[in-house]
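What follows is protein.txt (compact mmCIF, C-alpha atoms and all ligand atoms).
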```
# COMPACT_ATOMS: atom_id res chain seq x y z
CA MET A 1050 -22.14 -17.16 -12.80
CA GLU A 1051 -18.46 -16.43 -12.99
CA ILE A 1052 -17.18 -13.79 -10.63
CA ALA A 1053 -14.21 -11.73 -11.73
CA ARG A 1054 -11.21 -11.79 -9.44
CA PRO A 1055 -10.78 -8.48 -7.69
CA SER A 1056 -7.23 -7.78 -8.85
CA ALA A 1057 -5.59 -8.54 -12.15
CA THR A 1058 -1.94 -9.48 -12.10
CA PRO A 1059 0.46 -7.11 -13.86
CA GLU A 1060 0.96 -9.77 -16.55
CA GLU A 1061 -2.76 -9.72 -17.31
CA ALA A 1062 -2.96 -5.98 -17.70
CA PRO A 1063 -2.93 -4.69 -21.27
CA ALA A 1064 0.45 -3.37 -22.36
CA ALA A 1065 0.88 0.37 -22.18
CA ARG A 1066 1.18 2.01 -25.57
CA SER A 1067 4.50 3.62 -26.28
CA ILE A 1068 4.57 7.16 -27.58
CA ASP A 1069 5.73 7.92 -31.09
CA PRO A 1070 8.08 10.86 -31.74
CA ARG A 1071 5.35 13.07 -33.22
CA THR A 1072 3.22 12.69 -30.09
CA GLY A 1073 6.35 13.39 -28.06
CA GLU A 1074 6.90 16.71 -29.83
CA ARG A 1075 3.30 17.66 -29.27
CA LEU A 1076 3.58 16.77 -25.60
CA GLN A 1077 6.71 18.88 -25.21
CA ARG A 1078 5.06 21.83 -26.93
CA ILE A 1079 2.06 21.74 -24.58
CA ILE A 1080 4.34 21.51 -21.54
CA ASP A 1081 6.39 24.49 -22.79
CA GLN A 1082 3.21 26.49 -23.38
CA THR A 1083 1.92 25.60 -19.90
CA TYR A 1084 5.20 26.76 -18.36
CA ALA A 1085 5.15 30.04 -20.33
CA ARG A 1086 1.52 30.68 -19.50
CA PHE A 1087 1.95 30.55 -15.72
CA LYS A 1088 5.58 31.42 -15.05
CA ASP A 1089 4.75 35.05 -14.22
CA VAL A 1090 1.81 34.30 -11.93
CA ASP A 1091 2.92 35.78 -8.63
CA ASP A 1092 0.09 34.96 -6.21
CA GLY A 1093 0.54 33.13 -2.93
CA ALA A 1094 3.32 33.01 -0.35
CA VAL A 1095 6.22 30.69 0.41
CA ALA A 1096 5.67 28.63 3.60
CA THR A 1097 7.64 29.95 6.56
CA TYR A 1098 6.20 28.01 9.50
CA ILE A 1099 9.11 25.64 8.93
CA PRO A 1100 11.70 28.45 8.86
CA GLU A 1101 14.09 26.70 6.46
CA LEU A 1102 11.36 26.47 3.78
CA GLY A 1103 11.20 30.28 3.76
CA LYS A 1104 14.55 30.30 1.92
CA ALA A 1105 13.00 28.92 -1.29
CA ASN A 1106 13.22 31.10 -4.40
CA PRO A 1107 9.63 32.25 -5.08
CA LYS A 1108 10.37 32.47 -8.81
CA ASP A 1109 11.17 28.78 -9.24
CA PHE A 1110 8.76 26.89 -11.46
CA GLY A 1111 9.39 23.47 -12.95
CA ILE A 1112 7.32 20.85 -14.72
CA CYS A 1113 8.15 17.24 -15.59
CA LEU A 1114 6.08 14.55 -17.22
CA VAL A 1115 7.22 10.92 -17.47
CA THR A 1116 5.36 8.37 -19.54
CA VAL A 1117 5.06 4.73 -18.48
CA ASP A 1118 7.38 3.81 -21.33
CA GLY A 1119 10.05 5.99 -19.76
CA GLN A 1120 10.03 9.14 -21.90
CA VAL A 1121 10.78 12.32 -20.00
CA PHE A 1122 9.48 15.82 -20.85
CA THR A 1123 10.56 18.85 -18.87
CA ALA A 1124 10.21 22.62 -18.62
CA GLY A 1125 11.65 25.37 -16.41
CA ASP A 1126 13.38 24.63 -13.10
CA TRP A 1127 12.67 20.91 -13.17
CA GLU A 1128 16.14 20.12 -11.79
CA LYS A 1129 15.78 22.34 -8.74
CA GLU A 1130 15.68 20.32 -5.52
CA PHE A 1131 13.18 20.85 -2.73
CA THR A 1132 11.98 18.73 0.17
CA ILE A 1133 9.19 16.32 -0.59
CA GLN A 1134 7.15 17.31 2.52
CA SER A 1135 3.62 15.88 2.46
CA MET A 1136 4.20 14.24 -0.91
CA CYS A 1137 5.99 11.52 1.07
CA LYS A 1138 2.67 10.51 2.62
CA PRO A 1139 1.15 8.34 -0.14
CA PHE A 1140 4.46 6.49 -0.57
CA ALA A 1141 4.79 5.89 3.15
CA PHE A 1142 1.21 4.60 3.16
CA GLN A 1143 2.07 2.28 0.25
CA MET A 1144 5.12 0.96 2.13
CA ALA A 1145 3.12 0.37 5.32
CA LEU A 1146 0.47 -1.56 3.35
CA GLU A 1147 3.19 -3.64 1.72
CA ARG A 1148 4.92 -4.46 4.98
CA LEU A 1149 2.00 -4.92 7.35
CA GLY A 1150 -1.01 -5.61 5.15
CA THR A 1151 -4.22 -3.62 4.76
CA GLU A 1152 -5.99 -4.88 7.84
CA LYS A 1153 -3.25 -3.96 10.31
CA VAL A 1154 -2.62 -0.54 8.75
CA LEU A 1155 -6.32 0.35 8.77
CA ARG A 1156 -6.40 -0.30 12.50
CA HIS A 1157 -4.19 2.78 12.84
CA VAL A 1158 -5.50 5.11 10.14
CA GLY A 1159 -8.75 5.54 8.19
CA VAL A 1160 -9.36 6.30 4.52
CA GLU A 1161 -12.05 8.97 4.88
CA PRO A 1162 -11.55 12.52 3.60
CA SER A 1163 -11.59 14.94 6.50
CA GLY A 1164 -12.24 18.14 4.56
CA GLU A 1165 -9.81 19.67 7.03
CA ALA A 1166 -6.42 21.36 6.75
CA PHE A 1167 -3.28 19.19 6.64
CA ASN A 1168 -2.34 19.99 10.22
CA SER A 1169 -5.81 19.70 11.75
CA ILE A 1170 -6.11 18.13 15.18
CA GLU A 1171 -9.21 16.09 14.58
CA PHE A 1172 -9.83 12.38 14.74
CA ASP A 1173 -12.58 10.05 13.64
CA PRO A 1174 -15.06 10.29 16.54
CA LYS A 1175 -16.07 6.63 16.20
CA SER A 1176 -12.67 4.97 16.00
CA GLY A 1177 -10.29 7.63 17.36
CA ARG A 1178 -8.07 7.02 14.33
CA PRO A 1179 -6.78 9.85 12.15
CA PHE A 1180 -9.15 10.34 9.21
CA ASN A 1181 -6.67 9.39 6.50
CA PRO A 1182 -2.92 9.01 5.81
CA MET A 1183 -2.70 12.29 3.85
CA VAL A 1184 -3.20 14.60 6.84
CA ASN A 1185 -0.34 14.96 9.31
CA ALA A 1186 -2.04 12.89 12.03
CA GLY A 1187 -2.51 9.93 9.68
CA ALA A 1188 0.98 10.27 8.29
CA ILE A 1189 2.48 10.25 11.79
CA ALA A 1190 0.49 7.08 12.52
CA VAL A 1191 1.90 5.52 9.34
CA ALA A 1192 5.43 6.71 10.20
CA SER A 1193 5.13 4.96 13.56
CA LEU A 1194 4.47 1.72 11.64
CA LEU A 1195 7.50 2.26 9.38
CA LYS A 1196 10.02 3.22 12.05
CA GLN A 1197 12.73 0.73 12.91
CA ARG A 1198 15.41 0.27 15.53
CA PRO A 1199 17.73 2.10 15.31
CA VAL A 1200 15.63 4.96 13.89
CA GLN A 1201 18.12 5.58 11.09
CA ALA A 1202 17.34 2.10 9.71
CA GLY A 1203 13.69 3.09 9.12
CA VAL A 1204 14.73 6.34 7.45
CA ASP A 1205 17.26 4.51 5.28
CA ALA A 1206 14.68 1.94 4.20
CA PHE A 1207 12.36 4.77 3.14
CA LEU A 1208 15.17 6.53 1.26
CA ARG A 1209 16.15 3.32 -0.51
CA GLN A 1210 12.68 2.50 -1.80
CA MET A 1211 12.04 6.09 -2.86
CA GLY A 1212 15.41 6.17 -4.60
CA ARG A 1213 14.45 3.07 -6.58
CA ALA A 1214 11.23 4.81 -7.63
CA ALA A 1215 13.08 7.99 -8.61
CA GLY A 1216 15.79 6.01 -10.39
CA ARG A 1217 18.58 7.73 -8.47
CA GLU A 1218 19.94 7.91 -4.93
CA LEU A 1219 18.05 10.37 -2.71
CA ARG A 1220 19.10 12.09 0.51
CA ILE A 1221 17.75 14.08 3.44
CA ASP A 1222 18.10 17.87 3.68
CA GLU A 1223 19.55 18.00 7.19
CA SER A 1224 18.84 21.74 7.62
CA VAL A 1225 15.13 21.27 6.83
CA LEU A 1226 15.02 18.24 9.13
CA ALA A 1227 16.55 20.27 11.97
CA SER A 1228 14.25 23.22 11.24
CA GLU A 1229 11.14 21.06 11.25
CA THR A 1230 12.24 19.10 14.32
CA GLY A 1231 12.91 22.34 16.13
CA THR A 1232 9.58 23.97 15.35
CA GLY A 1233 7.19 21.03 14.91
CA ASN A 1234 5.30 21.46 18.16
CA ARG A 1235 1.93 21.04 16.54
CA ASN A 1236 3.00 17.68 15.10
CA ARG A 1237 4.37 16.71 18.52
CA ALA A 1238 0.98 17.59 20.03
CA ILE A 1239 -0.75 15.43 17.41
CA ALA A 1240 1.64 12.54 18.12
CA TYR A 1241 1.00 12.63 21.86
CA MET A 1242 -2.75 12.62 21.23
CA LEU A 1243 -2.23 9.55 19.05
CA LEU A 1244 -0.31 7.92 21.90
CA ASN A 1245 -3.10 8.84 24.28
CA SER A 1246 -5.70 7.08 22.13
CA GLY A 1247 -3.47 4.03 21.52
CA VAL A 1248 -2.99 4.68 17.79
CA ILE A 1249 0.81 4.84 18.11
CA ASP A 1250 3.16 3.24 20.62
CA GLU A 1251 5.19 5.04 23.28
CA GLU A 1252 8.18 5.58 20.99
CA VAL A 1253 6.71 8.94 20.09
CA LEU A 1254 9.94 10.76 19.34
CA GLU A 1255 11.09 7.94 17.08
CA SER A 1256 7.80 8.06 15.15
CA LEU A 1257 8.14 11.82 14.78
CA HIS A 1258 11.72 11.48 13.60
CA GLN A 1259 10.63 8.99 10.94
CA TYR A 1260 7.91 11.43 9.82
CA PHE A 1261 10.09 14.55 9.84
CA ALA A 1262 12.91 12.76 8.01
CA GLN A 1263 10.53 11.45 5.33
CA CYS A 1264 9.25 15.03 4.79
CA SER A 1265 12.85 16.34 4.55
CA MET A 1266 13.91 14.12 1.65
CA LEU A 1267 15.17 16.12 -1.34
CA VAL A 1268 13.60 15.59 -4.77
CA ASN A 1269 13.18 17.48 -8.02
CA CYS A 1270 10.27 17.52 -10.49
CA ARG A 1271 11.76 14.64 -12.44
CA ASP A 1272 12.00 12.48 -9.31
CA LEU A 1273 8.37 13.20 -8.48
CA ALA A 1274 7.23 12.44 -12.01
CA MET A 1275 9.29 9.19 -11.99
CA MET A 1276 7.73 8.13 -8.69
CA ALA A 1277 4.27 8.98 -10.03
CA ALA A 1278 4.98 7.12 -13.29
CA THR A 1279 6.14 4.11 -11.25
CA MET A 1280 2.74 4.10 -9.54
CA ALA A 1281 1.04 4.56 -12.92
CA ASN A 1282 3.09 1.68 -14.34
CA ILE A 1283 1.78 -0.99 -11.94
CA GLY A 1284 4.70 -0.40 -9.57
CA ASN A 1285 7.46 -0.86 -12.16
CA GLN A 1286 9.97 1.95 -12.60
CA PRO A 1287 9.55 3.03 -16.23
CA ARG A 1288 13.27 3.41 -16.99
CA THR A 1289 14.98 0.75 -14.88
CA GLY A 1290 12.15 -1.77 -15.22
CA GLU A 1291 12.56 -2.61 -11.54
CA THR A 1292 9.46 -3.52 -9.54
CA VAL A 1293 9.42 -0.93 -6.75
CA PHE A 1294 5.86 -1.04 -5.42
CA ASP A 1295 3.51 -3.96 -4.89
CA PHE A 1296 0.76 -3.37 -7.46
CA GLN A 1297 -1.92 -4.83 -5.21
CA HIS A 1298 -1.85 -1.79 -2.94
CA ILE A 1299 -1.45 0.92 -5.57
CA LYS A 1300 -5.16 1.21 -6.33
CA HIS A 1301 -5.85 1.84 -2.64
CA VAL A 1302 -3.16 4.49 -2.40
CA LEU A 1303 -4.42 6.21 -5.56
CA ALA A 1304 -7.99 6.15 -4.23
CA VAL A 1305 -6.91 7.88 -1.03
CA MET A 1306 -4.86 10.40 -3.01
CA PHE A 1307 -7.88 11.09 -5.20
CA SER A 1308 -10.20 11.78 -2.28
CA CYS A 1309 -7.75 13.31 0.25
CA GLY A 1310 -4.55 14.36 -1.54
CA LEU A 1311 -5.18 18.09 -1.51
CA TYR A 1312 -6.74 18.33 1.96
CA ASP A 1313 -9.57 20.85 2.10
CA TYR A 1314 -9.19 21.48 -1.64
CA ALA A 1315 -9.56 17.77 -2.48
CA GLY A 1316 -13.16 18.04 -3.71
CA ASN A 1317 -12.41 20.93 -6.03
CA TRP A 1318 -9.32 19.16 -7.26
CA ALA A 1319 -11.25 15.96 -8.07
CA PHE A 1320 -13.84 18.08 -9.85
CA GLU A 1321 -11.47 20.20 -11.89
CA VAL A 1322 -8.36 18.08 -12.41
CA GLY A 1323 -9.74 14.62 -11.71
CA LEU A 1324 -6.43 12.88 -10.95
CA PRO A 1325 -5.02 11.17 -7.87
CA ALA A 1326 -2.43 13.66 -6.65
CA LYS A 1327 -0.54 14.91 -3.62
CA SER A 1328 0.75 18.35 -2.69
CA GLY A 1329 3.34 19.46 -0.16
CA VAL A 1330 4.13 22.76 1.59
CA SER A 1331 7.46 23.01 -0.19
CA GLY A 1332 5.40 23.79 -3.32
CA GLY A 1333 5.45 20.47 -5.16
CA ILE A 1334 2.50 18.54 -6.53
CA PHE A 1335 2.59 15.17 -8.22
CA ALA A 1336 -0.24 13.48 -10.07
CA VAL A 1337 -0.72 9.97 -11.40
CA VAL A 1338 -2.47 9.18 -14.67
CA ASN A 1339 -3.09 5.49 -14.23
CA ARG A 1340 -1.33 3.31 -16.83
CA GLN A 1341 -0.22 6.43 -18.70
CA LEU A 1342 2.09 8.87 -16.98
CA GLY A 1343 3.37 10.71 -13.95
CA ILE A 1344 3.43 14.48 -13.52
CA GLY A 1345 5.67 16.47 -11.14
CA VAL A 1346 5.43 20.24 -10.74
CA TYR A 1347 7.16 22.66 -8.40
CA SER A 1348 6.64 26.27 -7.47
CA PRO A 1349 7.00 27.32 -3.85
CA LYS A 1350 4.35 30.04 -3.53
CA LEU A 1351 1.30 28.53 -1.84
CA ASP A 1352 -2.37 29.40 -1.58
CA GLY A 1353 -4.32 29.54 1.69
CA GLN A 1354 -4.72 25.76 1.75
CA GLY A 1355 -0.99 25.12 1.47
CA ASN A 1356 -1.04 24.07 -2.19
CA SER A 1357 1.27 25.49 -4.86
CA VAL A 1358 -0.52 28.23 -6.82
CA ARG A 1359 1.34 27.71 -10.10
CA GLY A 1360 1.39 23.97 -9.48
CA ILE A 1361 -2.39 23.81 -9.38
CA LEU A 1362 -2.69 26.01 -12.48
CA ALA A 1363 -0.20 23.85 -14.39
CA CYS A 1364 -1.92 20.59 -13.43
CA LYS A 1365 -5.32 21.97 -14.41
CA GLU A 1366 -3.96 23.08 -17.75
CA LEU A 1367 -2.21 19.78 -18.51
CA ALA A 1368 -5.29 17.79 -17.43
CA ASN A 1369 -7.50 19.91 -19.70
CA ARG A 1370 -5.26 19.91 -22.72
CA PHE A 1371 -4.46 16.21 -22.59
CA GLY A 1372 -7.90 15.12 -21.40
CA LEU A 1373 -6.48 13.44 -18.30
CA HIS A 1374 -9.45 13.75 -15.93
CA ALA A 1375 -10.30 10.25 -14.70
CA PHE A 1376 -13.84 10.62 -16.02
CA GLU A 1377 -12.98 12.42 -19.22
CA PHE A 1378 -14.77 10.81 -22.14
CA SER A 1379 -11.63 10.99 -24.26
CA ASN A 1380 -9.55 9.24 -21.60
CA VAL A 1381 -10.28 5.65 -22.55
CA GLY A 1382 -7.66 3.30 -21.22
CA SER A 1383 -4.36 4.68 -22.44
CA SER A 1384 -5.62 6.21 -25.67
CA PHE A 1385 -5.66 9.87 -24.72
CA MET A 1386 -2.57 10.44 -26.82
CA GLN A 1387 -4.62 9.61 -29.90
CA TRP A 1388 -7.15 12.20 -28.91
CA VAL A 1389 -4.46 14.84 -28.51
CA LEU A 1390 -3.23 14.30 -32.08
N1 LIG B 1401 6.30 18.44 7.15
C1 LIG B 1401 5.13 19.24 6.98
C2 LIG B 1401 4.34 19.29 8.27
O1 LIG B 1401 4.27 18.30 8.95
C3 LIG B 1401 4.29 18.64 5.90
C4 LIG B 1401 3.04 19.43 5.63
C5 LIG B 1401 2.67 19.52 4.19
O2 LIG B 1401 3.48 19.39 3.29
N2 LIG B 1401 1.41 19.86 3.94
O3 LIG B 1401 3.80 20.29 8.63
```
Show me this structure written as structure tokens.
Ligand code: GLN
Amino acid sequence: MEIARPSATPEEAPAARSIDPRTGERLQRIIDQTYARFKDVDDGAVATYIPELGKANPKDFGICLVTVDGQVFTAGDWEKEFTIQSMCKPFAFQMALERLGTEKVLRHVGVEPSGEAFNSIEFDPKSGRPFNPMVNAGAIAVASLLKQRPVQAGVDAFLRQMGRAAGRELRIDESVLASETGTGNRNRAIAYMLLNSGVIDEEVLESLHQYFAQCSMLVNCRDLAMMAATMANIGNQPRTGETVFDFQHIKHVLAVMFSCGLYDYAGNWAFEVGLPAKSGVSGGIFAVVNRQLGIGVYSPKLDGQGNSVRGILACKELANRFGLHAFEFSNVGSSFMQWVL
């Protein structure tokens, strides 16, 4: 009996369908309607535990969708910049897998949903590892693997790869970095516990700097959607054509995003939206529709679990209207666009 190889090469994957202008107009209309439908929702509160984040304009609301053939659809404040916060975590995980390999990375962090808040101080009782790379503990463990000497070199390497995914140069918001460094005692506590259990090395402050700097990188909705579309497009940036991420690890990153990306809301998210996604306390959410598109949304008012209120509503709406749920019957390969028409 012939056994299929576990991973196809990008060359073997079927080509993504490009979108004709009529479908494009329809897409834009649905995005505009989604924006209009939720722009006046006023629930939630802007995060203030990192004081600098409290300065965000609660009214901001942006949406961007990028297809794997590089078409861009936007609505609202899609150009507004905000810090990526926890949305850096899947990309950092991807980079660690690329540089060190799966086996080594999994010695430092698990892939099990914790069902806990993003800042929970809880570790896998059997292994002592953080549950997964999407909670702060796991992300600090991953940051410790990505840090370099001098520390700025590790931060620059992260910025460079993320910039290639976004298709433009990205930079750190130094005020948010200082604000988070100044107040991040809970993350420092987590890091020292990780040192205590041998998950990270003694360069604790360097690991924390790598983590805080990653979280403080500025993006807009278009950047997020481009990064997501790069993941969706087997690691190739849809507009520049550059290979940014090693496709062999993307499925693992998406799987962890699917099961852990929205912390203690992850189960509901998988049920209702059904897409690998990641949220951040700045109010952004990005979602990946494998082989089809990337979605980036931003609105800084958060619910009790630290997820953007309007962001969740917008993603639910887009997933419903386009039939994007991973287990949607209409979502066969990359043919959902046909269904929409
Ligand atoms: N930098 C934030 C923190 O460590 C990230 C949290 C988040 O976006 N959920 O608290």
Edge lengths and centre in Å to one decimal, as AutoDock Vina command-line options, is what I'm after for the box along x, y and z that holds all listed atoms of ligand LIG 1401 (chain B) once 4 Å is added on each side.
```
--center_x 3.9 --center_y 19.3 --center_z 6.1 --size_x 12.9 --size_y 10.0 --size_z 13.7
```
Who sits within 8 Å of Lys1365 in chain A, only C-alpha atoms, same chain under 3 positions skipped, as a list in words: Glu1321, Val1322, Ile1361, Leu1362, Ala1368 and Asn1369 of chain A
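Every protein or nucleic acid residue with an atom no more than 10 Å from His1157 in chain A, counting only C-alpha atoms and leaving out same-chain residues fewer than 4 positions away, appears here: Glu1152, Lys1153, Ser1176, Gly1177, Arg1178, Pro1179, Phe1180, Asn1181, Pro1182, Gly1187, Ala1190, Val1191, Ser1193, Leu1194, Leu1243, Gly1247, Val1248 and Ile1249 of chain A.
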Considering only C-alpha atoms and all ligand atoms, give me a table of residues in chain A that are at most 6 Å from ligand LIG 1401 (chain B), with the closest atom pair and distance in Å for each, as a tab-separated table.
```
residue	atom	partner	partner_atom	distance
A:Gln1134	CA	B:LIG1401	O2	4.3
A:Ser1135	CA	B:LIG1401	O2	3.6
A:Phe1167	CA	B:LIG1401	N2	5.5
A:Asn1185	CA	B:LIG1401	O1	5.7
A:Cys1264	CA	B:LIG1401	N1	5.1
A:Gly1329	CA	B:LIG1401	O2	3.5
A:Val1330	CA	B:LIG1401	O2	3.8
```
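Excluding Ala1278 in chain A and any residue on its chain fewer than 2 positions from it, the residues at most 7 Å away by only C-alpha atoms are Val1115, Thr1116, Val1117, Ala1274, Met1275, Met1276, Met1280, Ala1281, Asn1282, Pro1287, Val1337, Leu1342 and Gly1343 of chain A.
The list of residues with at least one atom within 10 Å of Ala1215 in chain A, based on all atoms listed in the file and without residues fewer than 4 positions apart in the same chain, reads Arg1209, Gln1210, Met1211, Leu1219, Val1268, Asn1269, Arg1271, Asp1272, Leu1273, Ala1274, Met1275, Met1276, Ala1277, Ala1278, Thr1279, Gln1286, Pro1287, Arg1288, Thr1289 and Val1293 of chain A.
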Residues just named, written with C-alpha atoms as an mmCIF file, keeping the file's coordinate frame:
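So the final result, stored in out.cif, reads:
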```
data_model
loop_
_atom_site.group_PDB
_atom_site.id
_atom_site.type_symbol
_atom_site.label_atom_id
_atom_site.label_comp_id
_atom_site.auth_asym_id
_atom_site.auth_seq_id
_atom_site.Cartn_x
_atom_site.Cartn_y
_atom_site.Cartn_z
ATOM 1 C CA ARG A 1209 16.150 3.320 -0.510
ATOM 2 C CA GLN A 1210 12.680 2.500 -1.800
ATOM 3 C CA MET A 1211 12.040 6.090 -2.860
ATOM 4 C CA LEU A 1219 18.050 10.370 -2.710
ATOM 5 C CA VAL A 1268 13.600 15.590 -4.770
ATOM 6 C CA ASN A 1269 13.180 17.480 -8.020
ATOM 7 C CA ARG A 1271 11.760 14.640 -12.440
ATOM 8 C CA ASP A 1272 12.000 12.480 -9.310
ATOM 9 C CA LEU A 1273 8.370 13.200 -8.480
ATOM 10 C CA ALA A 1274 7.230 12.440 -12.010
ATOM 11 C CA MET A 1275 9.290 9.190 -11.990
ATOM 12 C CA MET A 1276 7.730 8.130 -8.690
ATOM 13 C CA ALA A 1277 4.270 8.980 -10.030
ATOM 14 C CA ALA A 1278 4.980 7.120 -13.290
ATOM 15 C CA THR A 1279 6.140 4.110 -11.250
ATOM 16 C CA GLN A 1286 9.970 1.950 -12.600
ATOM 17 C CA PRO A 1287 9.550 3.030 -16.230
ATOM 18 C CA ARG A 1288 13.270 3.410 -16.990
ATOM 19 C CA THR A 1289 14.980 0.750 -14.880
ATOM 20 C CA VAL A 1293 9.420 -0.930 -6.750
#
```
Counting all atoms listed in the file, the option among A:Pro1174, A:Gly1111, A:Gly1119, A:Gly1310 closest to Gln1341 in chain A: A:Gly1119
For CA of Asp1313 in chain A and CA of Ala1166 in chain A, the interatomic separation in Å (one decimal): 5.6 Å
All residues 12 Å or closer to Leu1254 in chain A, all atoms listed in the file, same chain fewer than 6 positions away omitted, as a PDB file with C-alpha atoms, keeping the file's coordinate frame:
```
ATOM      1  CA  ILE A1189       2.480  10.250  11.790  1.00  0.00           C
ATOM      2  CA  ALA A1192       5.430   6.710  10.200  1.00  0.00           C
ATOM      3  CA  SER A1193       5.130   4.960  13.560  1.00  0.00           C
ATOM      4  CA  LYS A1196      10.020   3.220  12.050  1.00  0.00           C
ATOM      5  CA  VAL A1200      15.630   4.960  13.890  1.00  0.00           C
ATOM      6  CA  THR A1230      12.240  19.100  14.320  1.00  0.00           C
ATOM      7  CA  GLY A1233       7.190  21.030  14.910  1.00  0.00           C
ATOM      8  CA  ASN A1234       5.300  21.460  18.160  1.00  0.00           C
ATOM      9  CA  ASN A1236       3.000  17.680  15.100  1.00  0.00           C
ATOM     10  CA  ARG A1237       4.370  16.710  18.520  1.00  0.00           C
ATOM     11  CA  ALA A1238       0.980  17.590  20.030  1.00  0.00           C
ATOM     12  CA  ILE A1239      -0.750  15.430  17.410  1.00  0.00           C
ATOM     13  CA  ALA A1240       1.640  12.540  18.120  1.00  0.00           C
ATOM     14  CA  TYR A1241       1.000  12.630  21.860  1.00  0.00           C
ATOM     15  CA  LEU A1244      -0.310   7.920  21.900  1.00  0.00           C
ATOM     16  CA  TYR A1260       7.910  11.430   9.820  1.00  0.00           C
ATOM     17  CA  PHE A1261      10.090  14.550   9.840  1.00  0.00           C
ATOM     18  CA  ALA A1262      12.910  12.760   8.010  1.00  0.00           C
TER      19      ALA A1262
END
```
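Using all atoms listed in the file, the shortest contact distance between Asp1092 in chain A and any of A:Val1305, A:Leu1351, A:Val1154, A:Ala1124 is found at A:Leu1351.
Minimum distance to Arg1235 in chain A across A:Gly1212, A:Ser1169, A:Glu1074, A:Asp1118 (counting only C-alpha atoms) occurs at A:Ser1169.
Nearest to Ala1145 in chain A of all the residues A:Val1090, A:Ser1348, A:Ser1331, A:Phe1207 is A:Phe1207, based on all atoms listed in the file.
The coordinates place CA of Gly1353 in chain A at 21.9 Å from CA of Ile1112 in chain A.
Our summary of the geometry notes that CA of Asn1356 in chain A is positioned 6.0 Å from CA of Ser1328 in chain A.
Restricting the calculation to all atoms listed in the file, the smallest distance between Gly1164 in chain A and any of A:Val1225, A:Ala1315, A:Met1242, A:Cys1113 is found for A:Ala1315.
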If I put a ball of radius 10 Å at (5.0, 28.1, 6.0) in the file's coordinates, which residues poke into it when counting only C-alpha atoms, written as a count of residues only? 15
For each of A:Gly1290, A:Phe1335, A:Pro1070, A:Leu1076, take the minimum atom-to-atom distance to Cys1137 in chain A, counting all atoms listed in the file, then give the residue where this is smallest. A:Phe1335
